[in-house]
file start39.txt (compact mmCIF, C-alpha atoms)
# COMPACT_ATOMS: atom_id res chain seq x y z
CA MET A 1 -4.01 -17.38 2.19
CA ASP A 2 -2.79 -19.19 5.33
CA ASP A 3 -0.06 -16.75 6.31
CA ASN A 4 -0.84 -13.93 8.67
CA LEU A 5 -0.66 -10.78 6.60
CA ILE A 6 -0.87 -8.28 9.48
CA PRO A 7 2.94 -7.77 9.79
CA LEU A 8 3.14 -7.22 6.02
CA ILE A 9 0.31 -4.68 6.14
CA LEU A 10 1.88 -2.78 9.03
CA GLY A 11 5.25 -2.75 7.28
CA MET A 12 3.69 -1.43 4.09
CA ALA A 13 1.83 1.21 6.11
CA ALA A 14 5.07 2.38 7.75
CA VAL A 15 7.05 2.75 4.51
CA THR A 16 4.10 4.55 2.90
CA TYR A 17 3.48 6.96 5.78
CA GLY A 18 7.15 7.84 6.36
CA PRO A 19 7.85 9.47 2.98
CA ARG A 20 4.49 11.24 3.14
CA LEU A 21 5.30 12.75 6.54
CA LEU A 22 9.00 13.67 6.40
CA PRO A 23 8.76 16.72 4.10
CA PHE A 24 6.12 18.29 6.35
CA LEU A 25 8.37 17.94 9.38
CA PHE A 26 11.44 19.33 7.63
CA LEU A 27 10.03 21.90 5.23
CA GLY A 28 6.96 22.95 7.27
CA ASN A 29 7.84 26.49 8.32
CA THR A 30 11.16 27.16 6.65
CA GLN A 31 11.74 29.80 4.00
CA ILE A 32 12.25 28.02 0.67
CA PRO A 33 14.73 29.49 -1.86
CA LYS A 34 13.20 30.70 -5.13
CA PRO A 35 14.65 28.04 -7.47
CA VAL A 36 13.53 25.23 -5.13
CA ASN A 37 10.08 26.79 -4.94
CA ALA A 38 9.88 26.95 -8.75
CA PHE A 39 10.81 23.27 -8.83
CA LEU A 40 8.18 22.34 -6.25
CA LYS A 41 5.52 24.29 -8.15
CA CYS A 42 6.14 22.20 -11.26
CA ILE A 43 5.71 18.91 -9.40
CA PRO A 44 1.90 18.61 -9.81
CA VAL A 45 1.92 18.90 -13.60
CA ALA A 46 4.91 16.57 -13.96
CA ALA A 47 3.43 14.03 -11.54
CA ILE A 48 -0.03 13.90 -13.13
CA GLY A 49 1.42 13.55 -16.63
CA ALA A 50 3.47 10.54 -15.57
CA LEU A 51 0.61 9.07 -13.54
CA ILE A 52 -1.64 9.06 -16.62
CA ILE A 53 0.82 7.98 -19.33
CA PRO A 54 1.37 5.14 -20.04
CA GLY A 55 -0.79 3.60 -17.26
CA VAL A 56 -4.02 4.54 -19.00
CA MET A 57 -3.07 2.27 -21.90
CA THR A 58 -3.61 -0.75 -19.63
CA ALA A 59 -6.60 0.62 -17.68
CA THR A 60 -8.92 -1.73 -19.57
CA PRO A 61 -6.50 -4.57 -20.34
CA ASP A 62 -8.81 -6.56 -22.60
CA MET A 63 -9.38 -3.60 -24.87
CA PRO A 64 -7.12 -0.55 -24.40
CA ALA A 65 -9.23 1.44 -26.88
CA ALA A 66 -12.14 1.46 -24.40
CA ALA A 67 -10.12 3.42 -21.82
CA LEU A 68 -8.75 5.72 -24.52
CA LEU A 69 -12.25 6.49 -25.80
CA GLY A 70 -13.32 7.26 -22.23
CA MET A 71 -10.30 9.56 -21.79
CA GLY A 72 -11.15 11.25 -25.08
CA PHE A 73 -14.55 12.11 -23.65
CA THR A 74 -12.95 13.45 -20.46
CA ALA A 75 -10.56 15.61 -22.48
CA VAL A 76 -13.23 17.07 -24.76
CA TYR A 77 -15.87 17.58 -22.06
CA GLY A 78 -13.27 18.89 -19.62
CA PHE A 79 -11.94 21.32 -22.21
CA PHE A 80 -15.29 22.83 -23.13
CA LYS A 81 -17.32 22.48 -19.95
CA GLY A 82 -14.89 21.62 -17.14
CA GLY A 83 -15.95 19.95 -13.91
CA ILE A 84 -14.96 16.52 -12.69
CA ILE A 85 -18.00 14.37 -11.93
CA VAL A 86 -19.43 14.34 -15.47
CA PRO A 87 -16.05 13.71 -17.14
CA VAL A 88 -15.27 10.84 -14.75
CA LEU A 89 -18.67 9.11 -14.86
CA GLY A 90 -18.93 9.75 -18.61
CA SER A 91 -15.58 8.12 -19.26
CA VAL A 92 -16.63 5.03 -17.30
CA GLY A 93 -19.90 4.92 -19.25
CA ILE A 94 -18.13 5.18 -22.59
CA ALA A 95 -15.58 2.54 -21.63
CA TYR A 96 -18.49 0.31 -20.61
CA LEU A 97 -20.28 0.83 -23.93
CA ALA A 98 -17.07 0.15 -25.85
CA LEU A 99 -16.41 -3.06 -23.91
CA ALA A 100 -20.01 -4.21 -24.17
CA GLY A 101 -20.48 -3.31 -27.83
CA LEU A 102 -17.13 -4.13 -29.36
CA GLY A 103 -15.57 -6.61 -26.94
CA MET B 1 -14.06 24.70 10.82
CA GLU B 2 -16.04 27.29 8.84
CA LYS B 3 -19.26 26.20 7.17
CA GLN B 4 -18.01 27.49 3.82
CA GLU B 5 -14.84 25.47 4.21
CA ILE B 6 -16.82 22.27 4.76
CA GLN B 7 -19.00 22.97 1.74
CA GLY B 8 -15.95 23.61 -0.41
CA ALA B 9 -14.31 20.41 0.80
CA ILE B 10 -17.42 18.35 0.11
CA LYS B 11 -17.72 19.83 -3.36
CA ALA B 12 -14.11 18.90 -4.06
CA GLY B 13 -14.45 15.58 -2.25
CA ILE B 14 -17.37 14.06 -4.16
CA PRO B 15 -15.43 13.59 -7.42
CA ILE B 16 -12.58 11.94 -5.49
CA PHE B 17 -15.04 9.62 -3.81
CA ILE B 18 -16.51 8.76 -7.21
CA GLY B 19 -13.07 8.10 -8.66
CA TYR B 20 -11.84 6.07 -5.69
CA PHE B 21 -14.85 3.92 -5.03
CA PRO B 22 -14.71 1.83 -8.26
CA ALA B 23 -10.93 1.47 -8.05
CA ALA B 24 -11.33 0.19 -4.49
CA VAL B 25 -14.08 -2.18 -5.63
CA ALA B 26 -11.56 -3.62 -8.07
CA PHE B 27 -9.06 -3.99 -5.23
CA GLY B 28 -11.64 -5.76 -3.05
CA ILE B 29 -12.47 -8.20 -5.84
CA LEU B 30 -8.81 -8.91 -6.54
CA ALA B 31 -8.05 -9.32 -2.82
CA LYS B 32 -10.74 -11.96 -2.57
CA THR B 33 -9.52 -13.86 -5.64
CA THR B 34 -5.95 -13.71 -4.26
CA GLY B 35 -7.14 -15.43 -1.09
CA VAL B 36 -6.79 -12.52 1.33
CA SER B 37 -9.29 -12.49 4.21
CA LEU B 38 -11.95 -9.78 4.51
CA VAL B 39 -10.29 -8.27 7.60
CA GLU B 40 -6.92 -8.19 5.86
CA ALA B 41 -8.35 -6.61 2.73
CA PHE B 42 -9.99 -3.98 4.94
CA LEU B 43 -6.72 -3.35 6.79
CA PHE B 44 -4.79 -2.97 3.52
CA SER B 45 -7.06 -0.10 2.54
CA ALA B 46 -7.61 1.35 6.02
CA VAL B 47 -3.99 1.30 7.23
CA VAL B 48 -1.84 1.51 4.09
CA PHE B 49 -4.23 3.69 2.01
CA ALA B 50 -2.16 3.69 -1.17
CA GLY B 51 -3.88 2.48 -4.31
CA ALA B 52 -1.21 1.32 -6.73
CA SER B 53 1.03 -0.33 -4.15
CA GLN B 54 -1.89 -2.34 -2.74
CA PHE B 55 -2.55 -3.84 -6.18
CA ILE B 56 1.14 -4.53 -6.62
CA ALA B 57 1.27 -6.19 -3.20
CA LEU B 58 -1.53 -8.57 -4.20
CA ASN B 59 0.31 -9.46 -7.40
CA LEU B 60 3.52 -10.11 -5.48
CA LEU B 61 1.69 -12.18 -2.87
CA ALA B 62 0.28 -14.29 -5.68
CA THR B 63 3.78 -14.84 -7.05
CA GLY B 64 4.85 -16.01 -3.58
CA MET B 65 7.16 -13.12 -2.69
CA GLY B 66 7.90 -12.72 1.04
CA PRO B 67 6.97 -9.70 3.18
CA THR B 68 10.41 -8.07 3.05
CA GLY B 69 10.42 -7.90 -0.73
CA ILE B 70 6.87 -6.58 -0.83
CA ILE B 71 7.58 -3.91 1.80
CA LEU B 72 10.69 -2.77 -0.10
CA THR B 73 8.72 -2.61 -3.32
CA THR B 74 6.05 -0.57 -1.52
CA LEU B 75 8.68 1.86 -0.30
CA LEU B 76 9.96 2.35 -3.85
CA VAL B 77 6.49 2.61 -5.37
CA ASN B 78 5.23 5.11 -2.81
CA PHE B 79 8.33 7.24 -2.57
CA ARG B 80 6.84 9.65 -5.10
CA HIS B 81 4.60 10.86 -2.26
CA PHE B 82 7.74 12.29 -0.67
CA LEU B 83 7.90 14.78 -3.54
CA MET B 84 4.16 15.43 -3.38
CA SER B 85 4.35 16.14 0.37
CA ALA B 86 7.32 18.43 -0.27
CA TYR B 87 5.11 20.45 -2.62
CA LEU B 88 2.12 20.42 -0.26
CA SER B 89 4.24 21.52 2.69
CA THR B 90 4.71 24.83 0.85
CA ARG B 91 0.93 25.24 0.53
CA ILE B 92 -0.35 24.02 3.91
CA LYS B 93 0.89 26.33 6.61
CA GLU B 94 0.30 24.99 10.08
CA LYS B 95 2.13 26.06 13.22
CA LEU B 96 1.39 22.88 15.13
CA LYS B 97 3.24 19.85 13.86
CA LYS B 98 0.69 17.44 15.31
CA TYR B 99 -1.70 18.34 12.48
CA TYR B 100 0.91 17.30 9.94
CA LEU B 101 0.91 13.83 11.51
CA VAL B 102 -2.72 13.44 10.47
CA LEU B 103 -2.65 15.26 7.14
CA ALA B 104 0.42 13.38 5.89
CA PHE B 105 -1.43 10.07 6.10
CA GLY B 106 -3.86 11.16 3.38
CA VAL B 107 -1.36 12.35 0.76
CA THR B 108 -2.42 10.15 -2.16
CA ASP B 109 -1.95 10.89 -5.88
CA GLU B 110 -5.49 12.15 -6.32
CA VAL B 111 -5.76 14.13 -3.08
CA PHE B 112 -2.44 15.75 -3.94
CA SER B 113 -3.69 16.54 -7.45
CA VAL B 114 -6.90 18.19 -6.25
CA LEU B 115 -5.06 20.17 -3.57
CA SER B 116 -2.46 21.32 -6.11
CA PHE B 117 -5.11 22.95 -8.23
CA THR B 118 -7.19 24.40 -5.40
CA LYS B 119 -6.70 28.15 -5.44
CA GLY B 120 -5.69 30.05 -2.36
CA PRO B 121 -4.30 28.88 0.96
CA LEU B 122 -5.05 25.33 2.07
CA THR B 123 -6.53 25.16 5.57
CA LYS B 124 -6.20 22.01 7.65
CA GLY B 125 -9.99 21.68 7.81
CA PHE B 126 -10.34 21.69 4.02
CA VAL B 127 -7.47 19.25 3.51
CA PHE B 128 -8.75 16.90 6.18
CA ALA B 129 -12.34 16.89 4.87
CA LEU B 130 -11.07 16.19 1.36
CA GLN B 131 -8.90 13.35 2.61
CA MET B 132 -11.80 11.86 4.54
CA SER B 133 -13.94 11.72 1.41
CA ALA B 134 -11.12 9.94 -0.41
CA TYR B 135 -10.52 7.62 2.53
CA SER B 136 -14.18 6.71 2.98
CA GLY B 137 -14.51 5.98 -0.75
CA TRP B 138 -11.41 3.81 -0.70
CA VAL B 139 -12.31 1.80 2.41
CA SER B 140 -16.03 1.38 1.64
CA GLY B 141 -15.24 0.46 -1.98
CA THR B 142 -12.81 -2.21 -0.80
CA LEU B 143 -15.48 -3.79 1.42
CA CYS B 144 -18.14 -3.59 -1.30
CA GLY B 145 -15.83 -5.16 -3.85
CA TYR B 146 -14.86 -7.96 -1.51
CA LEU B 147 -18.42 -8.74 -0.44
CA LEU B 148 -20.40 -7.96 -3.59
CA GLY B 149 -17.81 -8.25 -6.36
CA GLY B 150 -19.05 -11.66 -7.39
CA PHE B 151 -22.43 -10.22 -8.30
CA MET B 152 -21.03 -7.48 -10.51
CA PRO B 153 -20.81 -7.94 -14.29
CA LEU B 154 -17.17 -8.25 -15.36
CA ILE B 155 -17.54 -5.58 -18.03
CA LEU B 156 -18.73 -3.05 -15.44
CA SER B 157 -15.82 -3.63 -13.08
CA GLN B 158 -13.40 -3.51 -16.03
CA SER B 159 -14.79 -0.26 -17.36
CA MET B 160 -14.28 1.32 -13.94
CA GLY B 161 -10.53 0.93 -14.47
CA VAL B 162 -10.55 4.18 -16.41
CA ALA B 163 -12.06 6.22 -13.53
CA LEU B 164 -8.83 7.18 -11.73
CA TYR B 165 -7.08 8.23 -14.94
CA SER B 166 -10.10 10.22 -15.99
CA LEU B 167 -10.15 11.86 -12.56
CA LEU B 168 -6.51 12.92 -12.91
CA LEU B 169 -7.07 14.31 -16.41
CA ALA B 170 -10.19 16.21 -15.34
CA ILE B 171 -8.27 17.75 -12.44
CA LEU B 172 -5.45 18.83 -14.75
CA MET B 173 -7.65 20.11 -17.60
CA PRO B 174 -8.25 23.72 -16.42
CA GLU B 175 -4.50 24.19 -15.97
CA LEU B 176 -3.73 22.75 -19.41
CA LYS B 177 -6.22 25.15 -20.96
CA ILE B 178 -4.53 28.28 -19.65
CA SER B 179 -0.87 27.28 -19.76
CA ARG B 180 0.92 25.91 -22.77
CA LEU B 181 3.97 25.34 -20.60
CA SER B 182 1.95 23.07 -18.32
CA LEU B 183 0.62 21.15 -21.31
CA PHE B 184 4.17 20.74 -22.58
CA LEU B 185 5.47 19.62 -19.19
CA ALA B 186 2.64 17.15 -18.56
CA LEU B 187 3.00 15.57 -22.00
CA SER B 188 6.79 15.43 -21.73
CA SER B 189 6.50 13.79 -18.34
CA GLY B 190 4.07 11.18 -19.67
CA LEU B 191 6.23 10.44 -22.72
CA LEU B 192 9.38 10.20 -20.61
CA ASN B 193 7.58 7.81 -18.27
CA TRP B 194 6.44 5.74 -21.25
CA LEU B 195 10.01 5.55 -22.53
CA LEU B 196 11.37 4.58 -19.09
CA MET B 197 8.72 1.90 -18.62
CA TYR B 198 9.49 0.59 -22.10
CA LEU B 199 13.24 0.45 -21.44
CA ASP B 200 12.40 -1.22 -18.12
CA PHE B 201 15.66 -0.77 -16.22
CA LEU B 202 14.33 1.04 -13.14
CA PRO B 203 12.69 -0.70 -10.17
CA LYS B 204 8.89 -0.56 -10.18
CA GLY B 205 7.59 2.89 -9.31
CA TRP B 206 10.82 4.76 -9.88
CA SER B 207 10.14 5.86 -13.41
CA ILE B 208 7.49 8.25 -12.07
CA ILE B 209 9.97 9.67 -9.55
CA VAL B 210 12.58 10.21 -12.28
CA CYS B 211 9.93 11.91 -14.42
CA ILE B 212 8.89 14.26 -11.61
CA LEU B 213 12.51 15.19 -10.85
CA VAL B 214 13.53 15.72 -14.48
CA ILE B 215 10.39 17.47 -15.70
CA ALA B 216 9.89 19.66 -12.63
CA ALA B 217 13.56 20.72 -12.86
CA ALA B 218 13.08 21.56 -16.56
CA GLY B 219 9.89 23.43 -15.68
CA ALA B 220 11.67 25.36 -12.94
CA ALA B 221 14.47 26.33 -15.33
CA LEU B 222 11.93 27.53 -17.89
CA THR B 223 9.87 29.51 -15.38
CA LEU B 224 12.91 31.12 -13.78
CA ASN B 225 14.08 32.32 -17.19
CA HIS B 226 10.61 33.43 -18.25
CA PRO B 227 8.82 34.37 -15.02
CA GLN B 228 5.54 35.22 -16.77
CA LYS B 229 5.10 31.57 -17.76
CA GLU B 230 4.82 30.24 -14.24
CA PRO B 231 2.55 27.19 -14.45
CA LEU B 232 0.89 27.47 -11.06
CA ASP B 233 0.24 30.34 -8.74
CA GLY B 234 -1.04 28.30 -5.84
call {"tool": "encode", "arguments": {"input": "start39.txt", "output": "structure tokens"}}
result
Amino acid sequence: MDDNLIPLILGMAAVTYGPRLLPFLFLGNTQIPKPVNAFLKCIPVAAIGALIIPGVMTATPDMPAAALLGMGFTAVYGFFKGGIIVPVLGSVGIAYLALAGLG
Amino acid sequence: MEKQEIQGAIKAGIPIFIGYFPAAVAFGILAKTTGVSLVEAFLFSAVVFAGASQFIALNLLATGMGPTGIILTTLLVNFRHFLMSAYLSTRIKEKLKKYYLVLAFGVTDEVFSVLSFTKGPLTKGFVFALQMSAYSGWVSGTLCGYLLGGFMPLILSQSMGVALYSLLLAILMPELKISRLSLFLALSSGLLNWLLMYLDFLPKGWSIIVCILVIAAAGAALTLNHPQKEPLDG
């Protein structure tokens, strides 16, 4: 790439940092009304659901089933045993096996 | 910072590092194939520090889009962090605003997700240590991918694509186990997002924002009417 990308990178950094910072400056120490608080408390679950679906369907573009098999492992292991490291590494391992064996 | 706090942050930080590193490796590889220099690839990860939008930026660069269009797209794609910071600002109580300047930089999807499901008050030391583990995984992964990506089998780098999704699911799992409302909300949000992506009338990144607004509002309405069903007690 011949163009200098530094201005682009700085611009992207600014528009990423701004929205991340503003709520802290405005909401930081104010008392939040109950309905708004109930709304904010539901944000994590809503956000994670939308972050996973449907993106996971294209996580392994050549063979979507590989990612889904990996996620299946994460769901089952996470349900019965919990934790994060084993579910994450296990899902990568299973996706690898699926891609290597069936692809 | 208390010793216990550091230990807790490291324990929570390792999985994030493990999830971020392979995704960043993929970014490093793609940056190289797009023709971005090593320094620029490093700066993308070190200064922007926002996974999805960095990948999108590479795609747009490859299509020949100019900086203004890419920066606008980045704003739209990353605006969901506004909502995540709004949530976190109710959990991180800090009298001095200067700390917010630092902590806000590290509000990524995964850091936000881990913090959401960390019980008890969030101290600035814990948040910062967690963010540093994410940041170090992201930046070091980018460099490794750029420099060593050519030596890595394609199947391995492809299979790592599932890591971030798996990380998010593993973070959410304990909550889904104890709350049927949370399970319902998470699934609804995913299905709504799927529908919106399929209909494809919103700018890139905005379907997630619509999902958060709609589903969190529905969740709030349900919890206010049935207080015992509150999904989180963070």
call {"tool": "residues_around", "arguments": {"input": "start39.txt", "residues": "Leu101 in chain B", "least_positions_apart": "4", "cutoff": "12 Å", "atoms": "all atoms listed in the file", "output": "MDAnalysis selection string"}}
result
(chainID A and resid 17:25 28) or (chainID B and resid 85 94 96:97 105:107 124 128)
call {"tool": "write_last_selection", "arguments": {"input": "start39.txt", "atoms": "C-alpha atoms", "output": "PDB file, keeping the file's coordinate frame"}}
result
ATOM      1  CA  TYR A  17       3.480   6.960   5.780  1.00  0.00           C
ATOM      2  CA  GLY A  18       7.150   7.840   6.360  1.00  0.00           C
ATOM      3  CA  PRO A  19       7.850   9.470   2.980  1.00  0.00           C
ATOM      4  CA  ARG A  20       4.490  11.240   3.140  1.00  0.00           C
ATOM      5  CA  LEU A  21       5.300  12.750   6.540  1.00  0.00           C
ATOM      6  CA  LEU A  22       9.000  13.670   6.400  1.00  0.00           C
ATOM      7  CA  PRO A  23       8.760  16.720   4.100  1.00  0.00           C
ATOM      8  CA  PHE A  24       6.120  18.290   6.350  1.00  0.00           C
ATOM      9  CA  LEU A  25       8.370  17.940   9.380  1.00  0.00           C
ATOM     10  CA  GLY A  28       6.960  22.950   7.270  1.00  0.00           C
TER      11      GLY A  28
ATOM     12  CA  SER B  85       4.350  16.140   0.370  1.00  0.00           C
ATOM     13  CA  GLU B  94       0.300  24.990  10.080  1.00  0.00           C
ATOM     14  CA  LEU B  96       1.390  22.880  15.130  1.00  0.00           C
ATOM     15  CA  LYS B  97       3.240  19.850  13.860  1.00  0.00           C
ATOM     16  CA  PHE B 105      -1.430  10.070   6.100  1.00  0.00           C
ATOM     17  CA  GLY B 106      -3.860  11.160   3.380  1.00  0.00           C
ATOM     18  CA  VAL B 107      -1.360  12.350   0.760  1.00  0.00           C
ATOM     19  CA  LYS B 124      -6.200  22.010   7.650  1.00  0.00           C
ATOM     20  CA  PHE B 128      -8.750  16.900   6.180  1.00  0.00           C
TER      21      PHE B 128
END
call {"tool": "closest_residue", "arguments": {"input": "start39.txt", "among": "A:Gly11, A:Gly90, A:Pro33, A:Gly101", "to": "chain B", "atoms": "all atoms listed in the file"}}
result
A:Gly11
call {"tool": "atom_distance", "arguments": {"input": "start39.txt", "atom1": "CA of Pro7 in chain A", "atom2": "CA of Leu51 in chain A"}}
result
28.9 Å
call {"tool": "residues_around", "arguments": {"input": "start39.txt", "residues": "range 12-25 of chain B", "least_positions_apart": "3", "cutoff": "9 Å", "atoms": "only C-alpha atoms", "output": "CSV table (one decimal) with C-alpha atoms, in the coordinates of the input"}}
result
chain,number,residue,atom,x,y,z
A,84,ILE,CA,-15.0,16.5,-12.7
A,85,ILE,CA,-18.0,14.4,-11.9
A,88,VAL,CA,-15.3,10.8,-14.8
A,89,LEU,CA,-18.7,9.1,-14.9
B,7,GLN,CA,-19.0,23.0,1.7
B,8,GLY,CA,-16.0,23.6,-0.4
B,9,ALA,CA,-14.3,20.4,0.8
B,28,GLY,CA,-11.6,-5.8,-3.0
B,29,ILE,CA,-12.5,-8.2,-5.8
B,30,LEU,CA,-8.8,-8.9,-6.5
B,45,SER,CA,-7.1,-0.1,2.5
B,51,GLY,CA,-3.9,2.5,-4.3
B,110,GLU,CA,-5.5,12.2,-6.3
B,111,VAL,CA,-5.8,14.1,-3.1
B,114,VAL,CA,-6.9,18.2,-6.2
B,118,THR,CA,-7.2,24.4,-5.4
B,129,ALA,CA,-12.3,16.9,4.9
B,130,LEU,CA,-11.1,16.2,1.4
B,131,GLN,CA,-8.9,13.4,2.6
B,132,MET,CA,-11.8,11.9,4.5
B,133,SER,CA,-13.9,11.7,1.4
B,134,ALA,CA,-11.1,9.9,-0.4
B,135,TYR,CA,-10.5,7.6,2.5
B,136,SER,CA,-14.2,6.7,3.0
B,137,GLY,CA,-14.5,6.0,-0.8
B,138,TRP,CA,-11.4,3.8,-0.7
B,139,VAL,CA,-12.3,1.8,2.4
B,140,SER,CA,-16.0,1.4,1.6
B,141,GLY,CA,-15.2,0.5,-2.0
B,142,THR,CA,-12.8,-2.2,-0.8
B,143,LEU,CA,-15.5,-3.8,1.4
B,144,CYS,CA,-18.1,-3.6,-1.3
B,145,GLY,CA,-15.8,-5.2,-3.8
B,146,TYR,CA,-14.9,-8.0,-1.5
B,148,LEU,CA,-20.4,-8.0,-3.6
B,149,GLY,CA,-17.8,-8.2,-6.4
B,157,SER,CA,-15.8,-3.6,-13.1
B,160,MET,CA,-14.3,1.3,-13.9
B,161,GLY,CA,-10.5,0.9,-14.5
B,162,VAL,CA,-10.6,4.2,-16.4
B,163,ALA,CA,-12.1,6.2,-13.5
B,164,LEU,CA,-8.8,7.2,-11.7
B,165,TYR,CA,-7.1,8.2,-14.9
B,166,SER,CA,-10.1,10.2,-16.0
B,167,LEU,CA,-10.2,11.9,-12.6
